[in-house]
>>> print(open('start-v8.cif').read())   # mmCIF, C-alpha atoms
data_final
loop_
_atom_site.label_atom_id
_atom_site.label_comp_id
_atom_site.auth_asym_id
_atom_site.auth_seq_id
_atom_site.Cartn_x
_atom_site.Cartn_y
_atom_site.Cartn_z
CA GLN L 81 97.17 123.06 110.18
CA GLN L 82 98.44 119.71 108.99
CA GLN L 83 102.10 120.09 108.06
CA VAL L 84 102.17 116.72 106.33
CA LYS L 85 99.18 115.44 104.40
CA GLN L 86 98.83 111.70 103.86
CA SER L 87 96.55 109.68 101.61
CA PRO L 88 94.71 107.41 101.37
CA GLN L 89 93.26 106.96 104.84
CA SER L 90 92.79 103.26 104.20
CA LEU L 91 93.97 100.83 101.55
CA ILE L 92 93.08 97.27 100.69
CA VAL L 93 95.46 95.32 98.48
CA GLN L 94 95.58 91.74 97.30
CA LYS L 95 98.50 89.58 98.34
CA GLY L 96 101.32 90.08 95.86
CA GLY L 97 100.11 93.49 94.78
CA ILE L 98 101.73 96.90 95.17
CA SER L 99 100.66 99.19 98.00
CA ILE L 100 101.22 102.91 97.45
CA ILE L 101 100.85 105.59 100.12
CA ASN L 102 101.38 109.24 99.37
CA CYS L 103 102.45 112.23 101.45
CA ALA L 104 102.83 115.92 100.71
CA TYR L 105 104.43 118.69 102.72
CA GLU L 106 104.68 122.47 102.57
CA ASN L 107 107.72 123.42 104.64
CA THR L 108 110.78 123.44 102.38
CA ALA L 109 113.00 123.38 105.47
CA PHE L 110 112.12 119.73 106.03
CA ASP L 111 115.05 117.54 105.10
CA TYR L 112 114.37 114.13 106.62
CA PHE L 113 111.36 112.02 105.74
CA PRO L 114 110.81 108.76 107.64
CA TRP L 115 108.04 106.22 107.33
CA TYR L 116 106.81 104.38 110.39
CA GLN L 117 104.90 101.10 110.61
CA GLN L 118 102.52 100.50 113.49
CA PHE L 119 100.73 97.28 114.44
CA PRO L 120 97.59 97.45 116.60
CA GLY L 121 98.32 98.20 120.25
CA LYS L 122 102.03 98.78 119.57
CA GLY L 123 104.24 101.81 119.15
CA PRO L 124 105.37 102.86 115.68
CA ALA L 125 108.68 101.51 114.39
CA LEU L 126 110.90 103.12 111.79
CA LEU L 127 110.50 101.37 108.45
CA ILE L 128 112.57 103.42 106.02
CA ALA L 129 113.66 107.04 105.67
CA ILE L 130 114.95 109.34 102.94
CA ARG L 131 116.78 112.64 102.63
CA PRO L 132 115.96 115.04 99.79
CA ASP L 133 119.32 114.66 98.06
CA VAL L 134 118.12 111.37 96.54
CA SER L 135 114.96 110.63 94.58
CA GLU L 136 114.52 107.03 95.64
CA LYS L 137 115.55 104.67 98.40
CA LYS L 138 114.88 100.97 98.44
CA GLU L 139 115.11 98.50 101.28
CA GLY L 140 113.87 95.06 100.42
CA ARG L 141 110.24 95.29 99.33
CA PHE L 142 109.90 98.87 100.58
CA THR L 143 110.75 101.88 98.42
CA ILE L 144 110.45 105.60 99.06
CA SER L 145 110.08 107.85 96.05
CA PHE L 146 110.82 111.52 96.63
CA ASN L 147 109.87 114.47 94.43
CA LYS L 148 111.48 117.59 95.85
CA SER L 149 109.98 120.03 93.35
CA ALA L 150 106.47 118.75 94.01
CA LYS L 151 107.11 118.44 97.76
CA GLN L 152 105.77 114.92 97.72
CA PHE L 153 107.03 111.53 98.77
CA SER L 154 105.50 108.10 98.67
CA LEU L 155 105.95 104.61 100.06
CA HIS L 156 105.70 101.64 97.74
CA ILE L 157 105.36 98.15 99.16
CA MET L 158 106.08 95.57 96.48
CA ASP L 159 104.71 92.02 96.67
CA SER L 160 102.48 93.02 99.58
CA GLN L 161 101.96 90.30 102.19
CA PRO L 162 99.26 89.81 104.86
CA GLY L 163 101.97 90.48 107.47
CA ASP L 164 102.31 93.99 106.05
CA SER L 165 98.81 94.79 107.29
CA ALA L 166 99.38 97.72 109.65
CA THR L 167 99.05 101.46 109.88
CA TYR L 168 101.73 103.47 108.10
CA PHE L 169 102.71 107.02 108.99
CA CYS L 170 104.85 109.38 107.01
CA ALA L 171 106.69 112.14 108.83
CA ALA L 172 108.94 115.09 108.18
CA THR L 173 111.44 117.06 110.18
CA ASN L 174 114.46 119.28 109.87
CA ARG L 175 117.69 117.57 110.90
CA ILE L 176 119.26 120.74 112.25
CA THR L 177 116.33 121.76 114.39
CA GLY L 178 115.00 118.20 114.60
CA ASN L 179 113.08 118.65 117.77
CA GLN L 180 109.71 118.07 116.26
CA PHE L 181 108.48 115.46 113.85
CA TYR L 182 105.36 116.25 111.88
CA PHE L 183 103.35 113.14 111.21
CA GLY L 184 100.76 112.38 108.58
CA THR L 185 97.36 111.10 109.68
CA GLY L 186 98.19 107.50 108.87
CA THR L 187 97.09 104.89 106.34
CA SER L 188 95.53 101.64 107.44
CA LEU L 189 96.74 98.94 105.05
CA THR L 190 95.00 95.60 104.77
CA VAL L 191 96.53 92.92 102.57
CA ILE L 192 94.05 90.18 101.77
CA PRO L 193 95.25 86.66 100.95
CA ASP S 96 118.13 94.76 126.13
CA GLY S 97 117.79 98.42 125.27
CA GLY S 98 114.50 100.14 124.68
CA ILE S 99 111.67 102.28 125.93
CA THR S 100 109.15 101.07 128.46
CA GLN S 101 105.79 102.63 129.20
CA SER S 102 103.51 101.73 132.04
CA PRO S 103 100.82 100.90 132.55
CA LYS S 104 99.61 99.45 129.25
CA TYR S 105 95.99 100.30 130.09
CA LEU S 106 94.82 103.00 132.45
CA PHE S 107 91.34 103.98 133.54
CA ARG S 108 90.59 107.28 135.18
CA LYS S 109 87.54 108.93 136.59
CA GLU S 110 86.70 112.42 135.44
CA GLY S 111 88.38 115.08 137.55
CA GLN S 112 91.37 112.94 138.50
CA ASN S 113 94.97 113.54 137.56
CA VAL S 114 96.91 110.53 136.30
CA THR S 115 100.61 110.00 135.55
CA LEU S 116 101.96 107.89 132.71
CA SER S 117 105.44 106.47 133.05
CA CYS S 118 108.15 106.45 130.36
CA GLU S 119 111.64 105.07 130.90
CA GLN S 120 114.46 104.54 128.39
CA ASN S 121 117.84 102.86 128.68
CA LEU S 122 119.12 103.93 125.29
CA ASN S 123 121.12 106.83 126.73
CA HIS S 124 119.12 109.22 124.55
CA ASP S 125 119.12 112.88 125.44
CA ALA S 126 115.76 113.75 123.87
CA MET S 127 112.38 112.38 124.90
CA TYR S 128 108.91 113.07 123.55
CA TRP S 129 105.26 112.50 124.37
CA TYR S 130 102.68 112.07 121.62
CA ARG S 131 98.95 111.58 121.66
CA GLN S 132 97.35 109.36 119.03
CA ASP S 133 93.69 109.56 118.11
CA PRO S 134 92.00 107.71 115.26
CA GLY S 135 92.39 109.57 111.98
CA GLN S 136 94.62 112.28 113.46
CA GLY S 137 98.07 110.77 113.44
CA LEU S 138 100.52 111.57 116.19
CA ARG S 139 100.42 114.95 117.86
CA LEU S 140 103.26 116.24 120.01
CA ILE S 141 102.41 117.09 123.61
CA TYR S 142 105.81 117.88 125.17
CA TYR S 143 109.45 117.20 124.47
CA SER S 144 112.70 117.48 126.39
CA GLN S 145 116.26 117.62 125.15
CA ILE S 146 118.01 117.83 128.50
CA VAL S 147 117.37 117.08 132.14
CA ASN S 148 115.29 119.72 133.94
CA ASP S 149 114.21 121.36 130.68
CA PHE S 150 111.24 120.73 128.41
CA GLN S 151 109.16 122.48 125.76
CA LYS S 152 105.51 122.49 124.86
CA GLY S 153 104.39 120.80 121.69
CA ASP S 154 101.26 121.44 119.69
CA ILE S 155 98.72 120.22 122.27
CA ALA S 156 100.28 120.83 125.71
CA GLU S 157 97.17 122.26 127.37
CA GLY S 158 95.96 120.03 130.19
CA TYR S 159 99.23 118.10 130.41
CA SER S 160 102.40 118.46 132.47
CA VAL S 161 105.79 116.74 132.41
CA SER S 162 109.02 116.56 134.37
CA ARG S 163 112.54 115.49 133.45
CA GLU S 164 114.46 114.93 136.67
CA LYS S 165 116.49 112.07 135.25
CA LYS S 166 117.82 111.46 131.74
CA GLU S 167 116.12 108.07 131.65
CA SER S 168 112.65 109.17 132.73
CA PHE S 169 110.01 111.49 131.30
CA PRO S 170 106.64 111.04 133.06
CA LEU S 171 103.50 112.67 131.69
CA THR S 172 100.67 113.83 133.93
CA VAL S 173 97.24 114.16 132.40
CA THR S 174 95.44 116.70 134.53
CA SER S 175 91.74 117.26 135.10
CA ALA S 176 92.06 120.32 132.85
CA GLN S 177 92.45 118.08 129.81
CA LYS S 178 88.95 118.03 128.39
CA ASN S 179 89.18 114.91 126.26
CA PRO S 180 91.97 112.73 127.63
CA THR S 181 90.86 109.35 126.30
CA ALA S 182 93.56 108.40 123.79
CA PHE S 183 96.62 106.28 123.10
CA TYR S 184 99.77 107.92 124.48
CA LEU S 185 103.18 107.25 123.01
CA CYS S 186 106.57 108.10 124.42
CA ALA S 187 109.63 108.32 122.19
CA SER S 188 113.31 109.10 122.52
CA SER S 189 116.16 110.03 120.22
CA ARG S 190 119.77 111.12 120.14
CA LEU S 191 120.30 114.83 119.63
CA ASP S 192 122.60 114.27 116.67
CA TRP S 193 120.35 111.82 114.82
CA ASN S 194 116.71 112.16 113.93
CA GLU S 195 115.42 108.63 114.36
CA GLN S 196 112.84 108.45 117.10
CA PHE S 197 112.30 105.19 118.96
CA PHE S 198 108.83 104.63 120.34
CA GLY S 199 107.59 102.82 123.40
CA PRO S 200 104.64 100.39 123.30
CA GLY S 201 102.13 103.04 124.40
CA THR S 202 99.58 103.51 127.16
CA ARG S 203 95.87 103.51 126.41
CA LEU S 204 94.08 105.91 128.75
CA THR S 205 90.33 105.72 129.14
CA VAL S 206 88.34 108.23 131.15
CA LEU S 207 85.20 106.74 132.67
#
>>> encode(input="start-v8.cif", output="structure tokens")
Amino acid sequence: QQQVKQSPQSLIVQKGGISIINCAYENTAFDYFPWYQQFPGKGPALLIAIRPDVSEKKEGRFTISFNKSAKQFSLHIMDSQPGDSATYFCAATNRITGNQFYFGTGTSLTVIP
Amino acid sequence: DGGITQSPKYLFRKEGQNVTLSCEQNLNHDAMYWYRQDPGQGLRLIYYSQIVNDFQKGDIAEGYSVSREKKESFPLTVTSAQKNPTAFYLCASSRLDWNEQFFGPGTRLTVL
């Protein structure tokens, strides 16, 4: 079963708009939630990550919002640019037993000029 | 220049053949991982290793084998028992005391 559920599967946004990708998890033992960005034919690269002791983390145009009670977290890309066009994966793991990351199914983002 | 290298970038295999994918890291990471990526299914863990000469199965280990004879290297063999091996394979590594995983550029395997 999918430990982390991600939506939408694909997203098209105009340049300058806000891109929002959502993830939900079930395992309350998860305590580290990274987002990865992947360009075609490349490996994923860490974009931003959050721990559940904060509700929001911002790095430049990228923000993670975290709702512990709802077991949901989301990635917001402000002022989306064509260079942001990529596939985004959310993930979850437990830092103590952090052997295994559980990844969402990915969101293909296209930012049109 | 530290990082993870995977080779080859593209690999073609005939049905019934075993094939080995290479993964090397010079980040001095203890843990290494192999993932399989298929369209619409995200990344699924095949095997991982936290120490030399030891490794554990992930969610989809059937039809795959690994070895960890050196800290820097974690090769993956796709055996003929893997029924649907065509996929993009990603290797990753991490420190044991920190969760961030660093990924290699991937190998695309196609079975002809």
>>> resolve_selection(input="start-v8.cif", expression="the PyMOL selection byres ((chain S and resi 158-174) around 6)", output="number ranges by chain")
S: 113-120, 147-148, 156-157, 175-177
>>> interface_residues(input="start-v8.cif", of="chain L", to="chain S", cutoff="8 Å", atoms="all atoms listed in the file", output="PyMOL selection string")
chain L and resi 89+112+121-126+169+175+178-180+182-186
>>> resolve_selection(input="start-v8.cif", expression="the PyMOL selection byres ((chain L and resi 98) around 8)", output="list in words")
Val93, Gly96, Gly97, Ser99, Ile100, His156, Ile157, Met158, Asp159 and Ser160 of chain L
>>> atom_distance(input="start-v8.cif", atom1="atom CA of L:Pro193", atom2="atom CA of L:Thr167")
17.7 Å
>>> resolve_selection(input="start-v8.cif", expression="the PyMOL selection byres ((chain L and resi 133-136) around 10)", output="PyMOL selection string")
chain L and resi 111-112+130-132+137-138+143-148+153-155
>>> residues_around(input="start-v8.cif", residues="L:Asp164", least_positions_apart="4", cutoff="8 Å", atoms="all atoms listed in the file", output="PyMOL selection string")
chain L and resi 160+189-191
>>> closest_residue(input="start-v8.cif", among="S:Tyr130, S:Pro180, S:Arg190, S:Asn121", to="S:Phe107", atoms="all atoms listed in the file")
S:Pro180
>>> residues_around(input="start-v8.cif", residues="L:Ala109", least_positions_apart="5", cutoff="10 Å", atoms="only C-alpha atoms", output="PyMOL selection string")
chain L and resi 172-177
>>> atom_distance(input="start-v8.cif", atom1="atom CA of S:Lys178", atom2="atom CA of S:Arg131")
13.7 Å
>>> closest_residue(input="start-v8.cif", among="L:Gln152, L:Gln118, L:Phe181, L:Gly163", to="L:Lys85", atoms="all atoms listed in the file")
L:Gln152
>>> atom_distance(input="start-v8.cif", atom1="atom CA of L:Gln83", atom2="atom CA of L:Phe119")
23.7 Å
>>> residues_near_point(input="start-v8.cif", point="(89.3, 106.6, 125.0)", cutoff="7 Å", atoms="all atoms listed in the file", output="list in words")
Thr181, Ala182, Leu204, Thr205 and Val206 of chain S
>>> decode(input="start-v8.cif", residues="stretch 138-169 of chain S", atoms="N, CA, C and O atoms", output="tab-separated table (two decimals), in the first residue's frame")
chain	number	residue	atom	x	y	z
S	138	LEU	N	9.24	6.19	-6.55
S	138	LEU	CA	10.47	5.44	-6.34
S	138	LEU	C	10.18	4.29	-5.37
S	138	LEU	O	9.63	4.51	-4.30
S	139	ARG	N	10.57	3.12	-5.77
S	139	ARG	CA	10.36	1.95	-4.91
S	139	ARG	C	11.70	1.35	-4.54
S	139	ARG	O	12.57	1.15	-5.39
S	140	LEU	N	11.86	1.04	-3.27
S	140	LEU	CA	13.14	0.56	-2.74
S	140	LEU	C	13.35	-0.91	-3.07
S	140	LEU	O	12.50	-1.76	-2.79
S	141	ILE	N	14.52	-1.20	-3.64
S	141	ILE	CA	14.86	-2.57	-3.99
S	141	ILE	C	15.70	-3.21	-2.88
S	141	ILE	O	15.34	-4.24	-2.33
S	142	TYR	N	16.83	-2.61	-2.58
S	142	TYR	CA	17.74	-3.07	-1.52
S	142	TYR	C	18.40	-1.85	-0.89
S	142	TYR	O	18.51	-0.81	-1.52
S	143	TYR	N	18.86	-2.02	0.35
S	143	TYR	CA	19.69	-1.01	0.96
S	143	TYR	C	20.74	-1.66	1.84
S	143	TYR	O	20.59	-2.82	2.26
S	144	SER	N	21.79	-0.90	2.12
S	144	SER	CA	22.91	-1.41	2.91
S	144	SER	C	23.40	-0.29	3.82
S	144	SER	O	23.57	0.84	3.38
S	145	GLN	N	23.63	-0.64	5.06
S	145	GLN	CA	24.13	0.36	6.00
S	145	GLN	C	25.59	0.14	6.36
S	145	GLN	O	26.21	1.00	6.98
S	146	ILE	N	26.13	-1.03	5.99
S	146	ILE	CA	27.49	-1.34	6.35
S	146	ILE	C	28.03	-2.36	5.35
S	146	ILE	O	27.25	-3.13	4.74
S	147	VAL	N	29.32	-2.35	5.20
S	147	VAL	CA	29.95	-3.30	4.27
S	147	VAL	C	29.58	-4.74	4.65
S	147	VAL	O	29.48	-5.09	5.83
S	148	ASN	N	29.34	-5.53	3.62
S	148	ASN	CA	29.02	-6.96	3.75
S	148	ASN	C	27.68	-7.22	4.43
S	148	ASN	O	27.43	-8.33	4.92
S	149	ASP	N	26.80	-6.23	4.43
S	149	ASP	CA	25.46	-6.41	4.98
S	149	ASP	C	24.47	-5.60	4.16
S	149	ASP	O	24.76	-4.46	3.78
S	150	PHE	N	23.30	-6.18	3.89
S	150	PHE	CA	22.28	-5.45	3.14
S	150	PHE	C	20.92	-6.06	3.46
S	150	PHE	O	20.82	-7.19	3.95
S	151	GLN	N	19.88	-5.27	3.22
S	151	GLN	CA	18.51	-5.68	3.51
S	151	GLN	C	17.62	-5.50	2.29
S	151	GLN	O	17.83	-4.59	1.49
S	152	LYS	N	16.62	-6.36	2.20
S	152	LYS	CA	15.66	-6.25	1.12
S	152	LYS	C	14.74	-5.06	1.35
S	152	LYS	O	14.34	-4.77	2.48
S	153	GLY	N	14.38	-4.41	0.25
S	153	GLY	CA	13.35	-3.40	0.29
S	153	GLY	C	12.01	-3.98	-0.11
S	153	GLY	O	11.77	-5.18	0.04
S	154	ASP	N	11.16	-3.14	-0.67
S	154	ASP	CA	9.81	-3.57	-0.99
S	154	ASP	C	9.71	-4.47	-2.22
S	154	ASP	O	8.76	-5.24	-2.35
S	155	ILE	N	10.67	-4.36	-3.14
S	155	ILE	CA	10.55	-5.10	-4.41
S	155	ILE	C	11.84	-5.82	-4.75
S	155	ILE	O	12.37	-5.74	-5.84
S	156	ALA	N	12.40	-6.59	-3.81
S	156	ALA	CA	13.71	-7.22	-3.99
S	156	ALA	C	13.69	-8.43	-4.91
S	156	ALA	O	14.75	-8.84	-5.41
S	157	GLU	N	12.54	-9.02	-5.16
S	157	GLU	CA	12.49	-10.25	-5.95
S	157	GLU	C	13.04	-10.03	-7.35
S	157	GLU	O	12.64	-9.11	-8.06
S	158	GLY	N	13.99	-10.91	-7.74
S	158	GLY	CA	14.57	-10.81	-9.07
S	158	GLY	C	15.80	-9.93	-9.13
S	158	GLY	O	16.37	-9.72	-10.20
S	159	TYR	N	16.22	-9.40	-7.98
S	159	TYR	CA	17.40	-8.56	-7.89
S	159	TYR	C	18.37	-9.12	-6.86
S	159	TYR	O	17.97	-9.83	-5.94
S	160	SER	N	19.66	-8.79	-7.02
S	160	SER	CA	20.65	-9.12	-6.00
S	160	SER	C	21.66	-7.99	-5.91
S	160	SER	O	21.84	-7.23	-6.86
S	161	VAL	N	22.29	-7.87	-4.74
S	161	VAL	CA	23.27	-6.81	-4.52
S	161	VAL	C	24.47	-7.39	-3.77
S	161	VAL	O	24.42	-8.50	-3.24
S	162	SER	N	25.53	-6.61	-3.72
S	162	SER	CA	26.68	-6.92	-2.89
S	162	SER	C	27.23	-5.61	-2.35
S	162	SER	O	27.02	-4.55	-2.93
S	163	ARG	N	27.93	-5.69	-1.22
S	163	ARG	CA	28.55	-4.49	-0.64
S	163	ARG	C	29.91	-4.91	-0.09
S	163	ARG	O	30.11	-5.06	1.10
S	164	GLU	N	30.84	-5.07	-0.99
S	164	GLU	CA	32.19	-5.52	-0.60
S	164	GLU	C	33.06	-4.34	-0.21
S	164	GLU	O	34.05	-4.51	0.51
S	165	LYS	N	32.72	-3.16	-0.70
S	165	LYS	CA	33.45	-1.95	-0.36
S	165	LYS	C	32.46	-0.87	0.04
S	165	LYS	O	31.33	-0.84	-0.47
S	166	LYS	N	32.88	0.03	0.90
S	166	LYS	CA	31.99	1.10	1.36
S	166	LYS	C	31.54	1.96	0.19
S	166	LYS	O	30.42	2.46	0.16
S	167	GLU	N	32.40	2.13	-0.81
S	167	GLU	CA	32.13	3.05	-1.90
S	167	GLU	C	31.23	2.47	-2.98
S	167	GLU	O	30.73	3.19	-3.83
S	168	SER	N	31.02	1.17	-2.98
S	168	SER	CA	30.40	0.51	-4.12
S	168	SER	C	29.22	-0.35	-3.72
S	168	SER	O	29.29	-1.09	-2.73
S	169	PHE	N	28.15	-0.29	-4.52
S	169	PHE	CA	26.94	-1.06	-4.21
S	169	PHE	C	26.30	-1.50	-5.53
S	169	PHE	O	25.27	-0.97	-5.96
